[in-house]
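File shown: final.tsv. Contents: TSV, C-alpha atoms.
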chain	number	residue	atom	x	y	z
A	8	VAL	CA	18.68	16.61	4.13
A	9	ILE	CA	15.87	14.05	4.45
A	10	LEU	CA	13.44	16.23	2.54
A	11	GLU	CA	15.95	16.71	-0.25
A	12	LEU	CA	16.45	12.94	-0.37
A	13	LEU	CA	12.70	12.42	-0.68
A	14	LYS	CA	12.28	15.04	-3.39
A	15	GLU	CA	15.12	13.52	-5.38
A	16	ASN	CA	14.06	9.86	-5.15
A	17	ILE	CA	10.27	9.90	-4.89
A	18	VAL	CA	9.82	10.30	-8.66
A	19	CYS	CA	12.38	7.67	-9.66
A	20	ALA	CA	9.77	4.97	-10.45
A	21	LYS	CA	8.71	7.02	-13.47
A	22	ASN	CA	12.17	6.41	-14.90
A	23	GLN	CA	12.03	2.63	-14.41
A	24	PRO	CA	12.51	1.00	-17.82
A	25	PRO	CA	9.89	-1.56	-18.88
A	26	GLN	CA	10.94	-5.21	-18.63
A	27	THR	CA	10.00	-7.30	-21.63
A	28	ASN	CA	10.87	-10.80	-22.85
A	29	SER	CA	12.37	-11.72	-19.46
A	30	GLN	CA	11.03	-14.19	-16.91
A	31	LEU	CA	10.02	-12.37	-13.76
A	32	TYR	CA	10.22	-14.20	-10.43
A	33	SER	CA	8.08	-13.55	-7.37
A	34	CYS	CA	10.76	-11.39	-5.80
A	35	GLY	CA	10.74	-9.10	-8.82
A	36	SER	CA	14.19	-10.23	-9.92
A	37	LEU	CA	15.27	-11.41	-13.35
A	38	ALA	CA	16.76	-14.89	-13.68
A	39	PRO	CA	19.67	-14.14	-16.08
A	40	LYS	CA	21.18	-11.74	-13.57
A	41	LEU	CA	20.98	-14.09	-10.59
A	42	ARG	CA	22.94	-17.19	-11.70
A	43	LYS	CA	21.84	-20.44	-10.08
A	44	GLY	CA	21.41	-19.22	-6.55
A	45	GLY	CA	18.58	-16.83	-7.26
A	46	CYS	CA	17.72	-14.23	-4.62
A	47	SER	CA	19.35	-16.25	-1.83
A	48	ASP	CA	22.75	-16.14	-3.54
A	49	CYS	CA	24.60	-13.51	-1.51
A	50	ILE	CA	27.36	-13.13	-4.08
A	51	VAL	CA	24.91	-11.54	-6.49
A	52	THR	CA	24.88	-7.75	-6.41
A	53	ARG	CA	23.15	-5.22	-8.61
A	54	GLU	CA	22.39	-1.55	-8.76
A	55	ARG	CA	19.27	-0.35	-6.98
A	56	ALA	CA	16.37	-0.16	-9.40
A	57	ASP	CA	14.61	3.16	-9.91
A	58	TRP	CA	11.28	1.83	-8.60
A	59	GLU	CA	13.00	0.62	-5.42
A	60	ARG	CA	14.07	4.17	-4.65
A	61	THR	CA	10.44	5.26	-4.71
A	62	ASP	CA	9.49	2.19	-2.65
A	63	GLY	CA	11.98	3.21	0.02
A	64	CYS	CA	10.56	6.75	0.06
A	65	ILE	CA	7.18	5.33	1.08
A	66	TYR	CA	8.66	3.79	4.23
A	67	LEU	CA	10.58	6.99	4.96
A	68	MET	CA	7.45	9.12	4.63
A	69	LYS	CA	5.60	6.86	7.04
A	70	GLU	CA	8.37	7.25	9.60
A	71	LEU	CA	8.31	11.02	9.17
A	72	CYS	CA	4.56	11.05	9.76
A	73	CYS	CA	4.98	9.02	12.95
A	74	LEU	CA	8.09	10.68	14.41
A	75	ASP	CA	8.31	11.93	17.97
A	76	ASP	CA	11.02	14.05	19.53
A	77	GLY	CA	11.51	11.83	22.58
A	78	THR	CA	9.86	11.45	25.96
A	79	ASN	CA	8.96	14.51	27.99
A	80	THR	CA	10.66	13.91	31.34
A	81	ASN	CA	8.00	15.91	33.19
A	82	THR	CA	4.90	14.19	31.84
A	83	GLY	CA	6.34	10.93	30.52
A	84	THR	CA	4.58	11.49	27.20
A	85	GLN	CA	5.99	11.73	23.70
A	86	THR	CA	5.57	14.96	21.78
A	87	PRO	CA	4.98	14.53	18.03
A	88	VAL	CA	7.28	16.18	15.54
A	89	THR	CA	4.97	17.99	13.12
A	90	MET	CA	5.67	18.04	9.39
A	91	GLU	CA	3.83	21.08	8.16
A	92	ASP	CA	1.15	20.46	5.55
A	93	ASP	CA	2.77	22.88	3.10
A	94	VAL	CA	5.75	20.47	3.06
A	95	LEU	CA	4.03	17.11	3.40
A	96	LEU	CA	1.04	17.64	1.10
A	97	PRO	CA	3.10	18.26	-2.08
A	98	LEU	CA	5.27	15.22	-1.26
A	99	LEU	CA	2.30	12.92	-0.77
A	100	THR	CA	0.61	14.33	-3.87
A	101	GLU	CA	3.73	13.53	-5.88
A	102	LEU	CA	3.90	10.05	-4.35
A	103	MET	CA	0.30	9.22	-5.22
A	104	ASP	CA	0.90	10.33	-8.80
A	105	VAL	CA	4.11	8.30	-9.12
A	106	CYS	CA	2.46	5.16	-7.72
A	107	ARG	CA	0.06	5.12	-10.66
A	108	VAL	CA	2.89	3.85	-12.87
A	109	ASN	CA	1.95	0.72	-14.78
A	110	HIS	CA	4.65	0.31	-17.41
A	111	PHE	CA	6.64	-2.32	-15.48
A	112	PRO	CA	5.54	-5.36	-13.40
A	113	GLN	CA	6.76	-4.06	-10.04
A	114	GLY	CA	4.28	-1.19	-10.22
A	115	ASN	CA	1.93	-3.50	-8.34
A	116	ASP	CA	4.59	-4.03	-5.66
A	117	LEU	CA	4.89	-0.27	-5.31
A	118	ARG	CA	1.15	0.12	-4.77
A	119	THR	CA	1.17	-2.77	-2.30
A	120	THR	CA	3.84	-1.01	-0.24
A	121	LEU	CA	1.88	2.24	-0.39
A	122	PHE	CA	-1.38	0.73	0.84
A	123	LYS	CA	0.39	-1.17	3.61
A	124	ASN	CA	1.82	2.11	4.92
A	125	LEU	CA	-1.02	4.58	4.32
A	126	VAL	CA	-2.91	3.64	7.49
A	127	GLY	CA	0.23	4.16	9.59
A	128	MET	CA	0.70	7.57	7.96
A	129	ALA	CA	-2.92	8.45	8.71
A	130	HIS	CA	-2.60	7.48	12.37
A	131	GLY	CA	0.64	9.45	12.60
A	132	LEU	CA	-1.00	12.57	11.18
A	133	GLY	CA	-4.08	12.18	13.33
A	134	LYS	CA	-7.71	11.64	12.40
A	135	LYS	CA	-8.75	15.29	11.99
A	136	ARG	CA	-5.70	16.37	10.03
A	137	PHE	CA	-5.78	13.35	7.72
A	138	LYS	CA	-9.50	13.71	7.09
A	139	ARG	CA	-9.22	17.43	6.36
A	140	HIS	CA	-6.20	17.46	4.05
A	141	TYR	CA	-5.32	13.97	2.82
A	142	LEU	CA	-8.34	11.67	2.57
A	143	GLU	CA	-9.49	12.75	-0.91
A	144	LEU	CA	-5.90	12.64	-2.10
A	145	VAL	CA	-5.51	8.91	-1.45
A	146	THR	CA	-8.97	7.63	-2.43
A	147	GLU	CA	-8.56	7.97	-6.21
A	148	LEU	CA	-5.60	5.60	-6.47
A	149	LEU	CA	-7.02	3.35	-3.75
A	150	PHE	CA	-10.26	2.77	-5.65
A	151	ALA	CA	-8.56	2.60	-9.04
A	152	THR	CA	-6.71	-0.42	-7.64
A	153	LEU	CA	-9.84	-1.90	-6.04
A	154	GLU	CA	-11.56	-1.68	-9.43
A	155	VAL	CA	-9.49	-4.70	-10.52
A	156	GLU	CA	-11.74	-6.88	-8.34
A	157	HIS	CA	-14.71	-4.75	-7.33
A	158	GLY	CA	-15.40	-2.43	-10.27
A	159	ARG	CA	-17.80	-2.81	-13.16
A	160	HIS	CA	-15.32	-1.52	-15.69
A	161	SER	CA	-11.82	-2.55	-16.68
A	162	SER	CA	-9.13	-1.09	-14.44
A	163	ASN	CA	-5.93	0.52	-15.67
A	164	PHE	CA	-4.09	-1.81	-13.31
A	165	ARG	CA	-5.45	-5.07	-14.73
A	166	THR	CA	-2.55	-6.69	-16.57
A	167	ASP	CA	-2.34	-10.32	-17.68
A	168	ASP	CA	1.40	-10.55	-17.08
A	169	ALA	CA	1.19	-9.36	-13.48
A	170	ARG	CA	-1.90	-11.15	-12.15
A	171	ASP	CA	-0.29	-12.26	-8.86
A	172	GLY	CA	1.01	-8.75	-8.23
A	173	ASN	CA	-2.47	-7.40	-8.92
A	174	GLN	CA	-3.91	-9.67	-6.25
A	175	LEU	CA	-1.36	-8.56	-3.67
A	176	ALA	CA	-2.04	-4.90	-4.41
A	177	VAL	CA	-5.81	-5.44	-4.34
A	178	HIS	CA	-5.67	-7.27	-1.01
A	179	ALA	CA	-3.53	-4.50	0.50
A	180	ALA	CA	-5.98	-1.92	-0.91
A	181	GLU	CA	-8.97	-3.77	0.59
A	182	GLN	CA	-7.41	-3.81	4.03
A	183	CYS	CA	-6.30	-0.20	3.72
A	184	CYS	CA	-9.81	0.84	2.68
A	185	GLU	CA	-11.40	-0.88	5.68
A	186	GLU	CA	-8.88	0.46	8.19
A	187	LEU	CA	-9.02	4.04	6.88
A	188	SER	CA	-12.81	3.97	7.12
A	189	GLU	CA	-12.53	2.77	10.71
A	190	LEU	CA	-10.15	5.63	11.48
A	191	VAL	CA	-12.18	8.50	10.02
A	192	GLY	CA	-15.61	6.89	10.52
A	193	GLY	CA	-17.49	4.71	8.05
A	194	MET	CA	-20.23	7.24	7.21
A	195	ILE	CA	-17.73	10.06	6.74
A	196	PHE	CA	-15.46	7.91	4.58
A	197	ARG	CA	-18.34	6.70	2.41
A	198	GLY	CA	-19.72	10.23	2.11
A	199	ARG	CA	-16.48	11.42	0.49
A	200	LEU	CA	-16.81	8.86	-2.35
A	201	ASP	CA	-18.63	9.08	-5.66
A	202	ASP	CA	-21.38	6.59	-6.55
A	203	GLY	CA	-19.07	4.07	-8.22
A	204	GLN	CA	-16.58	4.22	-5.36
A	205	GLN	CA	-19.37	3.74	-2.84
A	206	GLU	CA	-20.41	0.53	-4.61
A	207	MET	CA	-16.84	-0.73	-4.49
A	208	TYR	CA	-16.52	0.30	-0.83
A	209	ASP	CA	-19.65	-1.67	0.09
A	210	SER	CA	-18.36	-4.64	-1.90
A	211	VAL	CA	-15.01	-4.51	-0.07
A	212	LEU	CA	-16.64	-4.46	3.37
A	213	GLN	CA	-18.94	-7.34	2.47
A	214	LYS	CA	-16.02	-9.37	1.19
A	215	ARG	CA	-13.92	-8.63	4.29
A	216	ARG	CA	-16.79	-9.73	6.54
A	217	ARG	CA	-17.24	-12.95	4.56
A	218	ASP	CA	-13.53	-13.68	4.78
A	219	ARG	CA	-13.58	-13.31	8.57
A	220	GLN	CA	-16.70	-15.42	9.01
A	221	SER	CA	-15.73	-18.22	6.64
A	222	PRO	CA	-12.70	-20.29	7.63
A	223	GLY	CA	-10.14	-21.07	4.98
A	224	PRO	CA	-8.97	-24.53	3.97
A	225	VAL	CA	-7.73	-26.79	6.75
A	226	GLY	CA	-3.99	-27.32	6.46
A	227	ASP	CA	-1.49	-29.44	8.34
A	228	MET	CA	-2.11	-30.12	12.06
A	229	GLY	CA	-5.75	-29.06	11.74
A	230	LEU	CA	-4.99	-25.35	11.27
A	231	VAL	CA	-7.43	-23.13	9.41
A	232	MET	CA	-5.49	-20.86	7.10
A	233	GLY	CA	-7.65	-17.81	6.32
A	234	ARG	CA	-6.89	-15.03	3.82
A	235	ASP	CA	-5.29	-12.90	6.54
A	236	ALA	CA	-3.45	-15.74	8.28
A	237	PHE	CA	-0.11	-14.25	7.28
A	238	ALA	CA	-1.14	-10.59	7.10
A	239	GLY	CA	0.09	-9.69	10.60
A	240	GLY	CA	2.59	-7.31	9.08
A	241	PHE	CA	-0.14	-4.83	8.16
A	242	GLY	CA	-3.07	-5.32	10.47
A	243	GLY	CA	-4.31	-8.91	10.17
A	244	SER	CA	-3.95	-11.72	12.63
A	245	SER	CA	-0.79	-13.75	12.20
A	246	ARG	CA	-2.09	-16.76	14.14
A	247	PRO	CA	-4.03	-19.50	12.35
A	248	THR	CA	-7.03	-20.96	14.14
A	249	ARG	CA	-7.04	-24.54	15.40
A	250	VAL	CA	-10.11	-26.65	14.76
A	251	ASP	CA	-10.94	-30.01	16.33

Would you kindly transcribe this structure into structure tokens?
Amino acid sequence: VILELLKENIVCAKNQPPQTNSQLYSCGSLAPKLRKGGCSDCIVTRERADWERTDGCIYLMKELCCLDDGTNTNTGTQTPVTMEDDVLLPLLTELMDVCRVNHFPQGNDLRTTLFKNLVGMAHGLGKKRFKRHYLELVTELLFATLEVEHGRHSSNFRTDDARDGNQLAVHAAEQCCEELSELVGGMIFRGRLDDGQQEMYDSVLQKRRRDRQSPGPVGDMGLVMGRDAFAGGFGGSSRPTRVD
């Protein structure tokens, strides 16, 4: 049943109609539909958007990659539930293709969700299995997104009307890139990339190191708010640093 649900909904973002001549808010909602209360107005209801169905499939796939069948009462350990590669690989291939959509503003949100969850999927599958079957599959879209900031050429995902969304997707891609390389090994990860991707990879790591070494602006109560100060949800520290 779950696999049928995934197969049915994973491609829905391709059917998302483009949104033109409407003011788009940070939550991805459209003002005319939300009355005065905006997103916090609980009386507002709407049909689930096509892209949101695909977005939900990303979270579901991560859970499937990380499932266990309970604790073994004899050893006290959890035994993983294995999704066979002949089932999972076509699903993830379809997902990576769908997440290339760029005909509506929330395409950046979709890629942000994907990159936030890819590392969890990789850990769930295990280093050897992910490296053997899935690493090359995810790098093309990952580096196409990173090209917005780190590439020499114009990226397909650079859009003037979705600049903030671009930045969120790029930041998620940077962190995903670093954490995947730590999982499979930096030399192995870099060795699987072409020359242009290697340049972007080096640029990402340099930028991430600079961000960690250089404190951000000092906010209220003497707290240093770095780039990852609120990134605890997908790997960064959620605690700002106090300075005297």

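Using all atoms listed in the file, the shortest contact distance between A:Lys123 and any of A:Gln174, A:Thr100, A:Gln182, A:Gln204 is found at A:Gln182.
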
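One finds atom CA of A:Cys72 at 22.9 Å from atom CA of A:Phe150.
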
| What lies within 12 Å of A:Lys14 using all atoms listed in the file, ignoring chain neighbours under 3 positions off, as an MDAnalysis selection string? | chainID A and resid 8:11 17:19 60:61 64:65 67:68 94:95 97:102

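Taking atom CA of A:His157 as the reference point, atom CA of A:Glu185 is found at 14.0 Å.
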
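Counting all atoms listed in the file and comparing A:Arg199, A:Lys214, A:Arg136, A:Lys21, the residue that lies closest to A:Leu96 is A:Arg136.
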
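Distances from A:Lys134, A:Glu147, A:Leu142, A:Ala180 to A:Thr119 were compared using all atoms listed in the file, and the smallest one belongs to A:Ala180.
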
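Distance-wise, atom CA of A:Gly203 and atom CA of A:Pro112 end up 26.9 Å apart.
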
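Nearest residue to A:Leu132 among A:Glu156, A:Gln23, A:Leu190, A:Asp104 is A:Leu190, counting all atoms listed in the file.
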
Could I see stretch 90-113 of chain A restored to N, CA and C atoms, set down as a PDB file, in the coordinates of the input?
ATOM      1  N   MET A  90       5.315  17.623  10.740  1.00  0.00           N
ATOM      2  CA  MET A  90       5.670  18.040   9.390  1.00  0.00           C
ATOM      3  C   MET A  90       4.543  18.930   8.899  1.00  0.00           C
ATOM      4  N   GLU A  91       4.864  20.142   8.576  1.00  0.00           N
ATOM      5  CA  GLU A  91       3.830  21.080   8.160  1.00  0.00           C
ATOM      6  C   GLU A  91       3.174  20.601   6.859  1.00  0.00           C
ATOM      7  N   ASP A  92       1.901  20.915   6.717  1.00  0.00           N
ATOM      8  CA  ASP A  92       1.150  20.460   5.550  1.00  0.00           C
ATOM      9  C   ASP A  92       1.681  21.069   4.254  1.00  0.00           C
ATOM     10  N   ASP A  93       2.246  22.274   4.326  1.00  0.00           N
ATOM     11  CA  ASP A  93       2.770  22.880   3.100  1.00  0.00           C
ATOM     12  C   ASP A  93       4.024  22.152   2.603  1.00  0.00           C
ATOM     13  N   VAL A  94       4.628  21.305   3.456  1.00  0.00           N
ATOM     14  CA  VAL A  94       5.750  20.470   3.060  1.00  0.00           C
ATOM     15  C   VAL A  94       5.281  19.065   2.704  1.00  0.00           C
ATOM     16  N   LEU A  95       4.442  18.494   3.566  1.00  0.00           N
ATOM     17  CA  LEU A  95       4.030  17.110   3.400  1.00  0.00           C
ATOM     18  C   LEU A  95       3.035  16.907   2.267  1.00  0.00           C
ATOM     19  N   LEU A  96       2.097  17.822   2.113  1.00  0.00           N
ATOM     20  CA  LEU A  96       1.040  17.640   1.100  1.00  0.00           C
ATOM     21  C   LEU A  96       1.602  17.553  -0.317  1.00  0.00           C
ATOM     22  N   PRO A  97       2.531  18.425  -0.730  1.00  0.00           N
ATOM     23  CA  PRO A  97       3.100  18.260  -2.080  1.00  0.00           C
ATOM     24  C   PRO A  97       3.866  16.944  -2.238  1.00  0.00           C
ATOM     25  N   LEU A  98       4.541  16.480  -1.175  1.00  0.00           N
ATOM     26  CA  LEU A  98       5.270  15.220  -1.260  1.00  0.00           C
ATOM     27  C   LEU A  98       4.326  14.043  -1.442  1.00  0.00           C
ATOM     28  N   LEU A  99       3.251  14.026  -0.665  1.00  0.00           N
ATOM     29  CA  LEU A  99       2.300  12.920  -0.770  1.00  0.00           C
ATOM     30  C   LEU A  99       1.530  12.979  -2.085  1.00  0.00           C
ATOM     31  N   THR A 100       1.259  14.185  -2.567  1.00  0.00           N
ATOM     32  CA  THR A 100       0.610  14.330  -3.870  1.00  0.00           C
ATOM     33  C   THR A 100       1.494  13.752  -4.970  1.00  0.00           C
ATOM     34  N   GLU A 101       2.783  14.058  -4.905  1.00  0.00           N
ATOM     35  CA  GLU A 101       3.730  13.530  -5.880  1.00  0.00           C
ATOM     36  C   GLU A 101       3.816  12.010  -5.787  1.00  0.00           C
ATOM     37  N   LEU A 102       3.821  11.494  -4.551  1.00  0.00           N
ATOM     38  CA  LEU A 102       3.900  10.050  -4.350  1.00  0.00           C
ATOM     39  C   LEU A 102       2.694   9.331  -4.927  1.00  0.00           C
ATOM     40  N   MET A 103       1.503   9.861  -4.694  1.00  0.00           N
ATOM     41  CA  MET A 103       0.300   9.220  -5.220  1.00  0.00           C
ATOM     42  C   MET A 103       0.311   9.215  -6.745  1.00  0.00           C
ATOM     43  N   ASP A 104       0.815  10.276  -7.343  1.00  0.00           N
ATOM     44  CA  ASP A 104       0.900  10.330  -8.800  1.00  0.00           C
ATOM     45  C   ASP A 104       1.912   9.315  -9.325  1.00  0.00           C
ATOM     46  N   VAL A 105       3.069   9.223  -8.675  1.00  0.00           N
ATOM     47  CA  VAL A 105       4.110   8.300  -9.120  1.00  0.00           C
ATOM     48  C   VAL A 105       3.640   6.857  -8.996  1.00  0.00           C
ATOM     49  N   CYS A 106       2.892   6.543  -7.951  1.00  0.00           N
ATOM     50  CA  CYS A 106       2.460   5.160  -7.720  1.00  0.00           C
ATOM     51  C   CYS A 106       1.389   4.693  -8.694  1.00  0.00           C
ATOM     52  N   ARG A 107       0.982   5.551  -9.603  1.00  0.00           N
ATOM     53  CA  ARG A 107       0.060   5.120 -10.660  1.00  0.00           C
ATOM     54  C   ARG A 107       0.799   4.441 -11.813  1.00  0.00           C
ATOM     55  N   VAL A 108       2.119   4.421 -11.760  1.00  0.00           N
ATOM     56  CA  VAL A 108       2.890   3.850 -12.870  1.00  0.00           C
ATOM     57  C   VAL A 108       2.447   2.405 -13.134  1.00  0.00           C
ATOM     58  N   ASN A 109       2.412   2.057 -14.408  1.00  0.00           N
ATOM     59  CA  ASN A 109       1.950   0.720 -14.780  1.00  0.00           C
ATOM     60  C   ASN A 109       2.715   0.180 -15.982  1.00  0.00           C
ATOM     61  N   HIS A 110       3.899   0.729 -16.227  1.00  0.00           N
ATOM     62  CA  HIS A 110       4.650   0.310 -17.410  1.00  0.00           C
ATOM     63  C   HIS A 110       5.692  -0.756 -17.098  1.00  0.00           C
ATOM     64  N   PHE A 111       5.732  -1.237 -15.850  1.00  0.00           N
ATOM     65  CA  PHE A 111       6.640  -2.320 -15.480  1.00  0.00           C
ATOM     66  C   PHE A 111       5.961  -3.161 -14.400  1.00  0.00           C
ATOM     67  N   PRO A 112       6.287  -4.460 -14.291  1.00  0.00           N
ATOM     68  CA  PRO A 112       5.540  -5.360 -13.400  1.00  0.00           C
ATOM     69  C   PRO A 112       5.566  -4.961 -11.933  1.00  0.00           C
ATOM     70  N   GLN A 113       6.658  -4.375 -11.465  1.00  0.00           N
ATOM     71  CA  GLN A 113       6.760  -4.060 -10.040  1.00  0.00           C
ATOM     72  C   GLN A 113       5.926  -2.843  -9.640  1.00  0.00           C
TER      73      GLN A 113
END
